[in-house]
file input38.cif (mmCIF, C-alpha atoms)
data_my_file
#
loop_
_atom_site.label_atom_id
_atom_site.label_comp_id
_atom_site.auth_asym_id
_atom_site.auth_seq_id
_atom_site.Cartn_x
_atom_site.Cartn_y
_atom_site.Cartn_z
CA PRO A 1 -8.58 13.93 5.06
CA PHE A 2 -6.47 16.50 3.18
CA TYR A 3 -3.25 14.64 4.01
CA HIS A 4 -4.69 11.30 2.88
CA GLY A 5 -6.03 12.87 -0.30
CA PHE A 6 -2.63 14.37 -1.01
CA LEU A 7 -0.88 11.04 -0.46
CA ILE A 8 -3.25 9.35 -2.90
CA ARG A 9 -2.59 11.95 -5.59
CA VAL A 10 1.18 11.63 -5.01
CA ALA A 11 1.02 7.85 -5.36
CA MET A 12 -0.77 8.10 -8.69
CA MET A 13 1.75 10.57 -10.14
CA PRO A 14 4.05 9.29 -12.90
CA SER A 15 7.54 8.19 -11.87
CA SER A 16 9.11 11.28 -13.46
CA MET A 17 7.48 13.35 -10.75
CA THR A 18 8.66 11.20 -7.87
CA SER A 19 11.32 13.58 -6.52
CA THR A 20 9.04 16.60 -6.52
CA ALA A 21 6.21 14.60 -5.04
CA LYS A 22 8.39 13.20 -2.29
CA PHE A 23 9.66 16.68 -1.46
CA ALA A 24 6.10 17.98 -1.21
CA ALA A 25 5.01 15.01 0.84
CA GLY A 26 7.98 15.59 3.11
CA GLN A 27 6.92 19.17 3.68
CA ILE A 28 3.49 18.06 4.84
CA SER A 29 4.88 15.16 6.86
CA GLY A 30 7.29 17.60 8.45
CA MET A 31 4.37 19.41 10.02
CA SER A 32 3.90 16.35 12.20
CA LYS A 33 7.38 16.72 13.63
CA ARG A 34 7.08 20.46 14.11
CA GLY A 35 3.75 19.78 15.77
CA TYR A 36 5.38 17.55 18.37
CA HIS A 37 5.71 20.47 20.75
CA HIS A 38 1.94 20.79 20.57
CA GLY A 39 1.39 17.19 21.57
CA ASN A 40 1.96 15.24 18.35
CA LEU A 41 4.81 13.10 19.65
CA ARG A 42 3.04 9.87 18.67
CA GLN A 43 2.97 10.75 14.98
CA ALA A 44 6.51 12.12 15.10
CA LEU A 45 7.68 8.72 16.34
CA VAL A 46 5.74 6.91 13.61
CA ASP A 47 7.28 9.17 10.97
CA ALA A 48 10.74 8.49 12.41
CA ALA A 49 10.13 4.73 12.42
CA LEU A 50 9.01 4.78 8.79
CA ILE A 51 12.20 6.58 7.78
CA LEU A 52 14.31 4.02 9.64
CA ILE A 53 12.32 1.10 8.20
CA GLU A 54 12.95 2.40 4.69
CA GLN A 55 16.67 2.69 5.46
CA LYS A 56 17.26 -0.43 7.57
CA GLY A 57 14.19 -2.65 7.34
CA PRO A 58 11.54 -3.32 10.00
CA THR A 59 13.93 -5.19 12.31
CA GLY A 60 17.02 -3.08 11.67
CA PHE A 61 16.41 -0.22 14.07
CA THR A 62 15.94 0.29 17.80
CA LEU A 63 13.48 2.38 19.77
CA ALA A 64 16.40 4.57 20.82
CA GLU A 65 17.15 5.29 17.16
CA ALA A 66 13.50 6.12 16.52
CA ALA A 67 13.50 8.49 19.48
CA LYS A 68 16.71 10.16 18.29
CA THR A 69 15.32 10.57 14.77
CA ALA A 70 12.18 12.16 16.23
CA GLY A 71 14.28 14.41 18.46
CA VAL A 72 13.10 13.08 21.81
CA THR A 73 14.48 10.93 24.62
CA PRO A 74 14.06 7.13 24.52
CA ALA A 75 11.86 7.29 27.62
CA ALA A 76 9.38 9.45 25.70
CA VAL A 77 8.61 6.57 23.34
CA TYR A 78 6.98 4.55 26.10
CA ARG A 79 4.36 7.22 26.70
CA HIS A 80 2.75 6.05 23.47
CA PHE A 81 4.12 2.62 22.54
CA GLY A 82 4.85 -0.47 24.57
CA GLY A 83 7.73 -1.45 22.34
CA ARG A 84 9.12 -1.48 18.81
CA GLU A 85 6.48 -3.88 17.51
CA GLU A 86 3.65 -1.58 18.58
CA LEU A 87 5.39 1.33 16.86
CA ILE A 88 5.78 -0.67 13.65
CA ALA A 89 2.16 -1.82 13.89
CA GLU A 90 1.01 1.79 13.98
CA GLY A 91 3.07 2.55 10.88
CA ALA A 92 1.62 -0.53 9.17
CA GLN A 93 -1.93 0.49 10.08
CA GLN A 94 -1.43 3.96 8.65
CA GLY A 95 0.02 2.32 5.55
CA TYR A 96 -3.02 0.08 5.11
CA ASP A 97 -5.29 3.11 5.53
CA ILE A 98 -3.44 4.96 2.76
CA PHE A 99 -3.32 1.78 0.67
CA ALA A 100 -7.06 1.17 1.02
CA ASP A 101 -7.84 4.78 0.11
CA LEU A 102 -5.55 4.50 -2.91
CA MET A 103 -7.25 1.28 -4.02
CA GLU A 104 -10.66 2.95 -3.66
CA TYR A 105 -9.42 5.91 -5.67
CA ALA A 106 -8.14 3.60 -8.41
CA TYR A 107 -11.28 1.45 -8.44
CA ARG A 108 -13.63 4.42 -8.89
CA ASP A 109 -16.76 2.32 -8.24
CA GLY A 110 -16.00 0.13 -11.26
CA LYS A 111 -15.67 2.98 -13.76
CA PRO A 112 -15.19 3.26 -16.70
CA SER A 113 -15.54 -0.53 -16.89
CA ALA A 114 -15.20 -3.49 -14.54
CA LEU A 115 -12.03 -4.65 -16.33
CA ALA A 116 -10.40 -1.21 -16.38
CA ALA A 117 -11.20 -0.70 -12.71
CA PHE A 118 -9.81 -4.11 -11.81
CA GLU A 119 -6.56 -3.44 -13.67
CA ALA A 120 -6.31 -0.01 -12.03
CA THR A 121 -6.23 -1.61 -8.58
CA GLY A 122 -3.22 -3.65 -9.69
CA ARG A 123 -1.39 -0.53 -10.85
CA ALA A 124 -2.30 1.13 -7.56
CA TYR A 125 -0.50 -1.70 -5.75
CA LEU A 126 2.68 -0.92 -7.70
CA ALA A 127 2.32 2.82 -7.14
CA PHE A 128 1.90 2.38 -3.40
CA ALA A 129 4.92 0.10 -3.03
CA ARG A 130 7.12 2.58 -4.90
CA LYS A 131 6.00 5.77 -3.23
CA TYR A 132 5.65 4.50 0.35
CA PRO A 133 8.42 1.93 0.89
CA GLY A 134 8.50 2.45 4.66
CA HIS A 135 4.80 1.77 5.01
CA TYR A 136 5.03 -1.14 2.57
CA GLN A 137 7.78 -2.85 4.53
CA ALA A 138 5.98 -2.28 7.83
CA MET A 139 2.87 -3.89 6.35
CA PHE A 140 4.38 -6.87 4.55
CA GLU A 141 7.89 -7.50 5.86
CA SER A 142 7.69 -6.93 9.61
CA GLY A 143 6.23 -10.31 10.53
CA LEU A 144 3.40 -8.69 12.47
CA SER A 145 0.40 -10.85 13.33
CA LEU A 146 -2.74 -9.09 12.12
CA ASN A 147 -4.77 -10.96 14.72
CA ALA A 148 -2.71 -9.35 17.48
CA TYR A 149 -3.74 -5.85 16.40
CA PRO A 150 -7.50 -5.54 15.73
CA ASP A 151 -7.28 -2.04 14.19
CA LEU A 152 -4.46 -3.16 11.92
CA ASN A 153 -6.46 -6.22 10.90
CA LEU A 154 -9.48 -4.03 10.13
CA ALA A 155 -7.41 -1.70 7.93
CA ALA A 156 -5.87 -4.64 6.08
CA THR A 157 -9.28 -6.22 5.54
CA ARG A 158 -10.63 -2.96 4.11
CA ALA A 159 -7.78 -2.81 1.59
CA GLN A 160 -8.31 -6.40 0.46
CA GLY A 161 -12.05 -5.78 0.34
CA VAL A 162 -11.65 -3.24 -2.46
CA LEU A 163 -9.96 -5.84 -4.66
CA THR A 164 -12.59 -8.44 -3.78
CA ARG A 165 -15.34 -5.98 -4.75
CA ALA A 166 -13.59 -5.29 -8.04
CA ALA A 167 -13.32 -9.04 -8.67
CA ASP A 168 -16.98 -9.55 -7.87
CA SER A 169 -18.00 -6.84 -10.31
CA LEU A 170 -15.82 -8.36 -13.03
CA SER A 171 -17.50 -11.77 -12.74
CA GLN A 172 -21.14 -10.65 -12.71
CA HIS A 173 -21.69 -11.64 -16.35
CA ILE A 174 -21.02 -15.31 -15.51
CA PRO A 175 -23.85 -17.43 -14.02
CA ALA A 176 -23.51 -17.63 -10.26
CA ASP A 177 -23.04 -21.40 -10.26
CA LYS A 178 -20.17 -21.17 -12.75
CA ARG A 179 -18.24 -18.11 -11.69
CA PRO A 180 -15.05 -18.51 -9.64
CA PRO A 181 -15.16 -17.24 -6.03
CA SER A 182 -14.31 -13.53 -6.03
CA ALA A 183 -12.27 -13.84 -2.84
CA MET A 184 -10.18 -16.56 -4.41
CA PHE A 185 -9.22 -14.91 -7.69
CA SER A 186 -8.81 -11.50 -6.07
CA ALA A 187 -6.32 -13.16 -3.69
CA HIS A 188 -4.51 -14.61 -6.70
CA ILE A 189 -4.26 -11.14 -8.27
CA TRP A 190 -3.04 -9.73 -4.93
CA ALA A 191 -0.32 -12.42 -4.91
CA LEU A 192 0.59 -11.68 -8.54
CA SER A 193 0.84 -7.95 -7.80
CA HIS A 194 2.98 -8.61 -4.74
CA GLY A 195 5.28 -10.86 -6.72
CA VAL A 196 5.80 -8.25 -9.44
CA VAL A 197 6.57 -5.65 -6.76
CA GLU A 198 9.09 -7.85 -4.99
CA LEU A 199 10.88 -9.11 -8.08
CA PHE A 200 10.74 -6.19 -10.48
CA ALA A 201 9.54 -2.94 -8.83
CA ARG A 202 11.51 -2.61 -5.59
CA GLY A 203 14.63 -0.45 -5.53
CA ASN A 204 15.38 0.52 -9.12
CA PRO A 205 12.17 -0.27 -11.07
CA GLY A 206 12.78 -2.34 -14.17
CA ALA A 207 16.42 -3.07 -13.36
CA LYS A 208 15.79 -6.76 -12.71
CA GLY A 209 13.66 -7.55 -15.73
CA GLN A 210 13.35 -7.06 -19.45
CA PHE A 211 9.85 -5.59 -19.20
CA PRO A 212 8.44 -2.71 -17.12
CA PRO A 213 6.59 -3.89 -13.99
CA GLU A 214 3.34 -2.35 -15.20
CA GLU A 215 3.46 -4.37 -18.41
CA LEU A 216 4.28 -7.56 -16.56
CA LEU A 217 1.37 -7.07 -14.19
CA GLU A 218 -1.12 -6.06 -16.87
CA SER A 219 -0.25 -8.98 -19.14
CA GLY A 220 -0.26 -11.40 -16.19
CA ILE A 221 -3.69 -10.24 -15.08
CA GLY A 222 -4.98 -10.55 -18.65
CA ILE A 223 -3.67 -14.10 -19.08
CA TYR A 224 -5.09 -15.15 -15.72
CA LEU A 225 -8.53 -13.62 -16.29
CA ARG A 226 -8.79 -15.15 -19.77
CA GLY A 227 -7.88 -18.53 -18.31
CA LEU A 228 -10.80 -18.24 -15.90
CA GLY A 229 -13.12 -17.18 -18.70
CA LEU A 230 -13.72 -13.79 -17.11
CA ILE A 231 -12.73 -11.88 -20.23
CA PRO A 232 -12.85 -13.05 -23.87
CA PRO A 233 -9.61 -13.73 -25.76
CA ASP A 234 -9.78 -10.52 -27.79
CA ASP A 235 -10.83 -8.14 -24.97
CA HIS A 236 -7.84 -6.18 -23.71
#

call {"tool": "encode", "arguments": {"input": "input38.cif", "output": "structure tokens"}}
result
Amino acid sequence: PFYHGFLIRVAMMPSSMTSTAKFAAGQISGMSKRGYHHGNLRQALVDAALILIEQKGPTGFTLAEAAKTAGVTPAAVYRHFGGREELIAEGAQQGYDIFADLMEYAYRDGKPSALAAFEATGRAYLAFARKYPGHYQAMFESGLSLNAYPDLNLAATRAQGVLTRAADSLSQHIPADKRPPSAMFSAHIWALSHGVVELFARGNPGAKGQFPPEELLESGIGIYLRGLGLIPPDDH
């Protein structure tokens, strides 16, 4: 719980604090590797895989490289994982757990307003992608089938559920027979957030566009929600 809480606070820090935050996060993450001798080999391998994924992509490393990065023999990997895909799936599941907690933290039970909470979940998406690129790539770029890993699927569903809840809260003022399906427009916002991350927030944020990613996402969400009639033209 402490580690997850720390990761959430790191993700919500401004970009100017990224280096310090990453150093601090590395110190805590390092405890996992030091703890290997006390039986924490599984997490040490996940940490190693996430480092390699960030450097080389989800398909750019071997189990032998993960073992070397973790400081163990290749044979030791198979005590915990059946292959590289299982190792990546564990990293992805941990990423979805952090992501879902971050979304919950941003949503804050719809406070201070449904609109503010909804927009905060979008910013949380950007923050997560920037601060946890290894997890992000394991989740969205590894080609894993969620149906093949029930725990991974559950974690992913929980993360998406936060955005659906936020969407549902935002549309409560519209009569039930006229409001758009929450699952549908929350999925559209998820897709919009993902697109902004991929095109404008990965690598060097802002380098590929004229406007900061946060502004692009906020204005895009506003235009979309106004088009659905979920917020009035002058409310933003």

call {"tool": "resolve_selection", "arguments": {"input": "input38.cif", "expression": "the PyMOL selection byres ((chain A and resi 151) around 12)", "output": "list in words"}}
result
Glu86, Ala89, Glu90, Gly91, Ala92, Gln93, Gln94, Tyr96, Asp97, Ser145, Leu146, Asn147, Ala148, Tyr149, Pro150, Leu152, Asn153, Leu154, Ala155, Ala156, Thr157 and Arg158 of chain A

call {"tool": "resolve_selection", "arguments": {"input": "input38.cif", "expression": "the PyMOL selection byres ((chain A and resi 133) around 10)", "output": "PyMOL selection string"}}
result
chain A and resi 50-51+53-55+57+95+128-132+134-139+202-203

call {"tool": "closest_residue", "arguments": {"input": "input38.cif", "among": "A:Ser169, A:Ile98, A:Arg179, A:Val46", "to": "A:Ala114", "atoms": "only C-alpha atoms"}}
result
A:Ser169

call {"tool": "atom_distance", "arguments": {"input": "input38.cif", "atom1": "atom CA of A:Tyr125", "atom2": "atom CA of A:Pro181"}}
result
21.4 Å

call {"tool": "closest_residue", "arguments": {"input": "input38.cif", "among": "A:Leu163, A:Asn40, A:Pro180, A:Asp47", "to": "A:Gly227", "atoms": "all atoms listed in the file"}}
result
A:Pro180

call {"tool": "resolve_selection", "arguments": {"input": "input38.cif", "expression": "the PyMOL selection byres ((chain A and resi 170) around 8)", "output": "number ranges by chain"}}
result
A: 114-115, 118, 166-169, 171-173, 230

call {"tool": "closest_residue", "arguments": {"input": "input38.cif", "among": "A:Ala76, A:Ile221, A:Ile189, A:Ala201", "to": "A:Ala44", "atoms": "only C-alpha atoms"}}
result
A:Ala76

call {"tool": "atom_distance", "arguments": {"input": "input38.cif", "atom1": "atom CA of A:Leu216", "atom2": "atom CA of A:Ala106"}}
result
18.6 Å

call {"tool": "atom_distance", "arguments": {"input": "input38.cif", "atom1": "atom CA of A:Arg226", "atom2": "atom CA of A:Pro112"}}
result
19.7 Å

call {"tool": "decode", "arguments": {"input": "input38.cif", "residues": "stretch 52-80 of chain A", "atoms": "N, CA, C and O atoms", "output": "PDB file, in the first residue's frame"}}
result
ATOM      1  N   LEU A  52      14.025  -3.152 -19.247  1.00  0.00           N
ATOM      2  CA  LEU A  52      14.346  -3.553 -20.611  1.00  0.00           C
ATOM      3  C   LEU A  52      13.256  -3.149 -21.598  1.00  0.00           C
ATOM      4  O   LEU A  52      13.540  -2.764 -22.737  1.00  0.00           O
ATOM      5  N   ILE A  53      11.999  -3.224 -21.164  1.00  0.00           N
ATOM      6  CA  ILE A  53      10.890  -2.804 -22.022  1.00  0.00           C
ATOM      7  C   ILE A  53      11.006  -1.315 -22.334  1.00  0.00           C
ATOM      8  O   ILE A  53      10.798  -0.881 -23.469  1.00  0.00           O
ATOM      9  N   GLU A  54      11.342  -0.535 -21.311  1.00  0.00           N
ATOM     10  CA  GLU A  54      11.501   0.908 -21.536  1.00  0.00           C
ATOM     11  C   GLU A  54      12.638   1.187 -22.520  1.00  0.00           C
ATOM     12  O   GLU A  54      12.557   2.102 -23.344  1.00  0.00           O
ATOM     13  N   GLN A  55      13.698   0.378 -22.456  1.00  0.00           N
ATOM     14  CA  GLN A  55      14.856   0.597 -23.313  1.00  0.00           C
ATOM     15  C   GLN A  55      14.676   0.037 -24.717  1.00  0.00           C
ATOM     16  O   GLN A  55      15.101   0.661 -25.705  1.00  0.00           O
ATOM     17  N   LYS A  56      14.046  -1.151 -24.817  1.00  0.00           N
ATOM     18  CA  LYS A  56      14.031  -1.887 -26.079  1.00  0.00           C
ATOM     19  C   LYS A  56      12.645  -2.225 -26.612  1.00  0.00           C
ATOM     20  O   LYS A  56      12.526  -2.747 -27.718  1.00  0.00           O
ATOM     21  N   GLY A  57      11.616  -1.951 -25.824  1.00  0.00           N
ATOM     22  CA  GLY A  57      10.272  -2.330 -26.230  1.00  0.00           C
ATOM     23  C   GLY A  57       9.920  -3.721 -25.720  1.00  0.00           C
ATOM     24  O   GLY A  57      10.801  -4.501 -25.348  1.00  0.00           O
ATOM     25  N   PRO A  58       8.633  -4.066 -25.709  1.00  0.00           N
ATOM     26  CA  PRO A  58       8.184  -5.338 -25.134  1.00  0.00           C
ATOM     27  C   PRO A  58       8.732  -6.575 -25.841  1.00  0.00           C
ATOM     28  O   PRO A  58       8.834  -7.639 -25.219  1.00  0.00           O
ATOM     29  N   THR A  59       9.058  -6.467 -27.119  1.00  0.00           N
ATOM     30  CA  THR A  59       9.550  -7.635 -27.850  1.00  0.00           C
ATOM     31  C   THR A  59      11.046  -7.541 -28.144  1.00  0.00           C
ATOM     32  O   THR A  59      11.587  -8.365 -28.890  1.00  0.00           O
ATOM     33  N   GLY A  60      11.714  -6.580 -27.538  1.00  0.00           N
ATOM     34  CA  GLY A  60      13.120  -6.349 -27.862  1.00  0.00           C
ATOM     35  C   GLY A  60      14.115  -6.946 -26.897  1.00  0.00           C
ATOM     36  O   GLY A  60      15.315  -6.674 -26.999  1.00  0.00           O
ATOM     37  N   PHE A  61      13.660  -7.747 -25.953  1.00  0.00           N
ATOM     38  CA  PHE A  61      14.575  -8.332 -24.982  1.00  0.00           C
ATOM     39  C   PHE A  61      14.299  -9.828 -24.832  1.00  0.00           C
ATOM     40  O   PHE A  61      13.230 -10.319 -25.206  1.00  0.00           O
ATOM     41  N   THR A  62      15.258 -10.530 -24.277  1.00  0.00           N
ATOM     42  CA  THR A  62      15.114 -11.966 -24.047  1.00  0.00           C
ATOM     43  C   THR A  62      15.029 -12.246 -22.550  1.00  0.00           C
ATOM     44  O   THR A  62      15.380 -11.392 -21.720  1.00  0.00           O
ATOM     45  N   LEU A  63      14.586 -13.453 -22.219  1.00  0.00           N
ATOM     46  CA  LEU A  63      14.556 -13.849 -20.814  1.00  0.00           C
ATOM     47  C   LEU A  63      15.959 -13.862 -20.222  1.00  0.00           C
ATOM     48  O   LEU A  63      16.154 -13.544 -19.040  1.00  0.00           O
ATOM     49  N   ALA A  64      16.940 -14.223 -21.036  1.00  0.00           N
ATOM     50  CA  ALA A  64      18.322 -14.234 -20.550  1.00  0.00           C
ATOM     51  C   ALA A  64      18.766 -12.829 -20.153  1.00  0.00           C
ATOM     52  O   ALA A  64      19.447 -12.641 -19.137  1.00  0.00           O
ATOM     53  N   GLU A  65      18.351 -11.833 -20.947  1.00  0.00           N
ATOM     54  CA  GLU A  65      18.688 -10.442 -20.614  1.00  0.00           C
ATOM     55  C   GLU A  65      17.985 -10.000 -19.337  1.00  0.00           C
ATOM     56  O   GLU A  65      18.567  -9.279 -18.516  1.00  0.00           O
ATOM     57  N   ALA A  66      16.739 -10.419 -19.168  1.00  0.00           N
ATOM     58  CA  ALA A  66      16.011 -10.080 -17.946  1.00  0.00           C
ATOM     59  C   ALA A  66      16.696 -10.700 -16.736  1.00  0.00           C
ATOM     60  O   ALA A  66      16.840 -10.061 -15.681  1.00  0.00           O
ATOM     61  N   ALA A  67      17.118 -11.947 -16.867  1.00  0.00           N
ATOM     62  CA  ALA A  67      17.808 -12.627 -15.776  1.00  0.00           C
ATOM     63  C   ALA A  67      19.121 -11.921 -15.443  1.00  0.00           C
ATOM     64  O   ALA A  67      19.445 -11.705 -14.268  1.00  0.00           O
ATOM     65  N   LYS A  68      19.868 -11.546 -16.476  1.00  0.00           N
ATOM     66  CA  LYS A  68      21.141 -10.852 -16.262  1.00  0.00           C
ATOM     67  C   LYS A  68      20.920  -9.516 -15.567  1.00  0.00           C
ATOM     68  O   LYS A  68      21.668  -9.143 -14.653  1.00  0.00           O
ATOM     69  N   THR A  69      19.901  -8.774 -16.000  1.00  0.00           N
ATOM     70  CA  THR A  69      19.601  -7.480 -15.389  1.00  0.00           C
ATOM     71  C   THR A  69      19.217  -7.639 -13.926  1.00  0.00           C
ATOM     72  O   THR A  69      19.546  -6.793 -13.078  1.00  0.00           O
ATOM     73  N   ALA A  70      18.526  -8.741 -13.609  1.00  0.00           N
ATOM     74  CA  ALA A  70      18.118  -9.008 -12.226  1.00  0.00           C
ATOM     75  C   ALA A  70      19.238  -9.627 -11.406  1.00  0.00           C
ATOM     76  O   ALA A  70      19.115  -9.760 -10.187  1.00  0.00           O
ATOM     77  N   GLY A  71      20.316 -10.051 -12.082  1.00  0.00           N
ATOM     78  CA  GLY A  71      21.451 -10.631 -11.369  1.00  0.00           C
ATOM     79  C   GLY A  71      21.288 -12.092 -11.019  1.00  0.00           C
ATOM     80  O   GLY A  71      21.841 -12.556 -10.012  1.00  0.00           O
ATOM     81  N   VAL A  72      20.542 -12.828 -11.856  1.00  0.00           N
ATOM     82  CA  VAL A  72      20.342 -14.253 -11.593  1.00  0.00           C
ATOM     83  C   VAL A  72      20.616 -15.036 -12.874  1.00  0.00           C
ATOM     84  O   VAL A  72      20.824 -14.463 -13.937  1.00  0.00           O
ATOM     85  N   THR A  73      20.602 -16.355 -12.780  1.00  0.00           N
ATOM     86  CA  THR A  73      20.819 -17.195 -13.950  1.00  0.00           C
ATOM     87  C   THR A  73      19.527 -17.307 -14.754  1.00  0.00           C
ATOM     88  O   THR A  73      18.431 -17.198 -14.197  1.00  0.00           O
ATOM     89  N   PRO A  74      19.623 -17.554 -16.067  1.00  0.00           N
ATOM     90  CA  PRO A  74      18.415 -17.724 -16.876  1.00  0.00           C
ATOM     91  C   PRO A  74      17.491 -18.808 -16.358  1.00  0.00           C
ATOM     92  O   PRO A  74      16.267 -18.682 -16.448  1.00  0.00           O
ATOM     93  N   ALA A  75      18.054 -19.879 -15.810  1.00  0.00           N
ATOM     94  CA  ALA A  75      17.226 -20.978 -15.303  1.00  0.00           C
ATOM     95  C   ALA A  75      16.330 -20.517 -14.158  1.00  0.00           C
ATOM     96  O   ALA A  75      15.229 -21.049 -13.965  1.00  0.00           O
ATOM     97  N   ALA A  76      16.780 -19.504 -13.412  1.00  0.00           N
ATOM     98  CA  ALA A  76      16.003 -19.032 -12.266  1.00  0.00           C
ATOM     99  C   ALA A  76      14.681 -18.405 -12.682  1.00  0.00           C
ATOM    100  O   ALA A  76      13.714 -18.403 -11.915  1.00  0.00           O
ATOM    101  N   VAL A  77      14.632 -17.886 -13.912  1.00  0.00           N
ATOM    102  CA  VAL A  77      13.409 -17.235 -14.391  1.00  0.00           C
ATOM    103  C   VAL A  77      12.248 -18.217 -14.399  1.00  0.00           C
ATOM    104  O   VAL A  77      11.116 -17.874 -14.029  1.00  0.00           O
ATOM    105  N   TYR A  78      12.525 -19.454 -14.788  1.00  0.00           N
ATOM    106  CA  TYR A  78      11.460 -20.437 -14.979  1.00  0.00           C
ATOM    107  C   TYR A  78      10.887 -20.953 -13.672  1.00  0.00           C
ATOM    108  O   TYR A  78       9.920 -21.716 -13.687  1.00  0.00           O
ATOM    109  N   ARG A  79      11.457 -20.560 -12.559  1.00  0.00           N
ATOM    110  CA  ARG A  79      10.839 -20.894 -11.271  1.00  0.00           C
ATOM    111  C   ARG A  79       9.569 -20.075 -11.046  1.00  0.00           C
ATOM    112  O   ARG A  79       8.733 -20.434 -10.218  1.00  0.00           O
ATOM    113  N   HIS A  80       9.462 -18.973 -11.769  1.00  0.00           N
ATOM    114  CA  HIS A  80       8.323 -18.073 -11.563  1.00  0.00           C
ATOM    115  C   HIS A  80       7.517 -17.789 -12.818  1.00  0.00           C
ATOM    116  O   HIS A  80       6.329 -17.469 -12.726  1.00  0.00           O
TER     117      HIS A  80
END
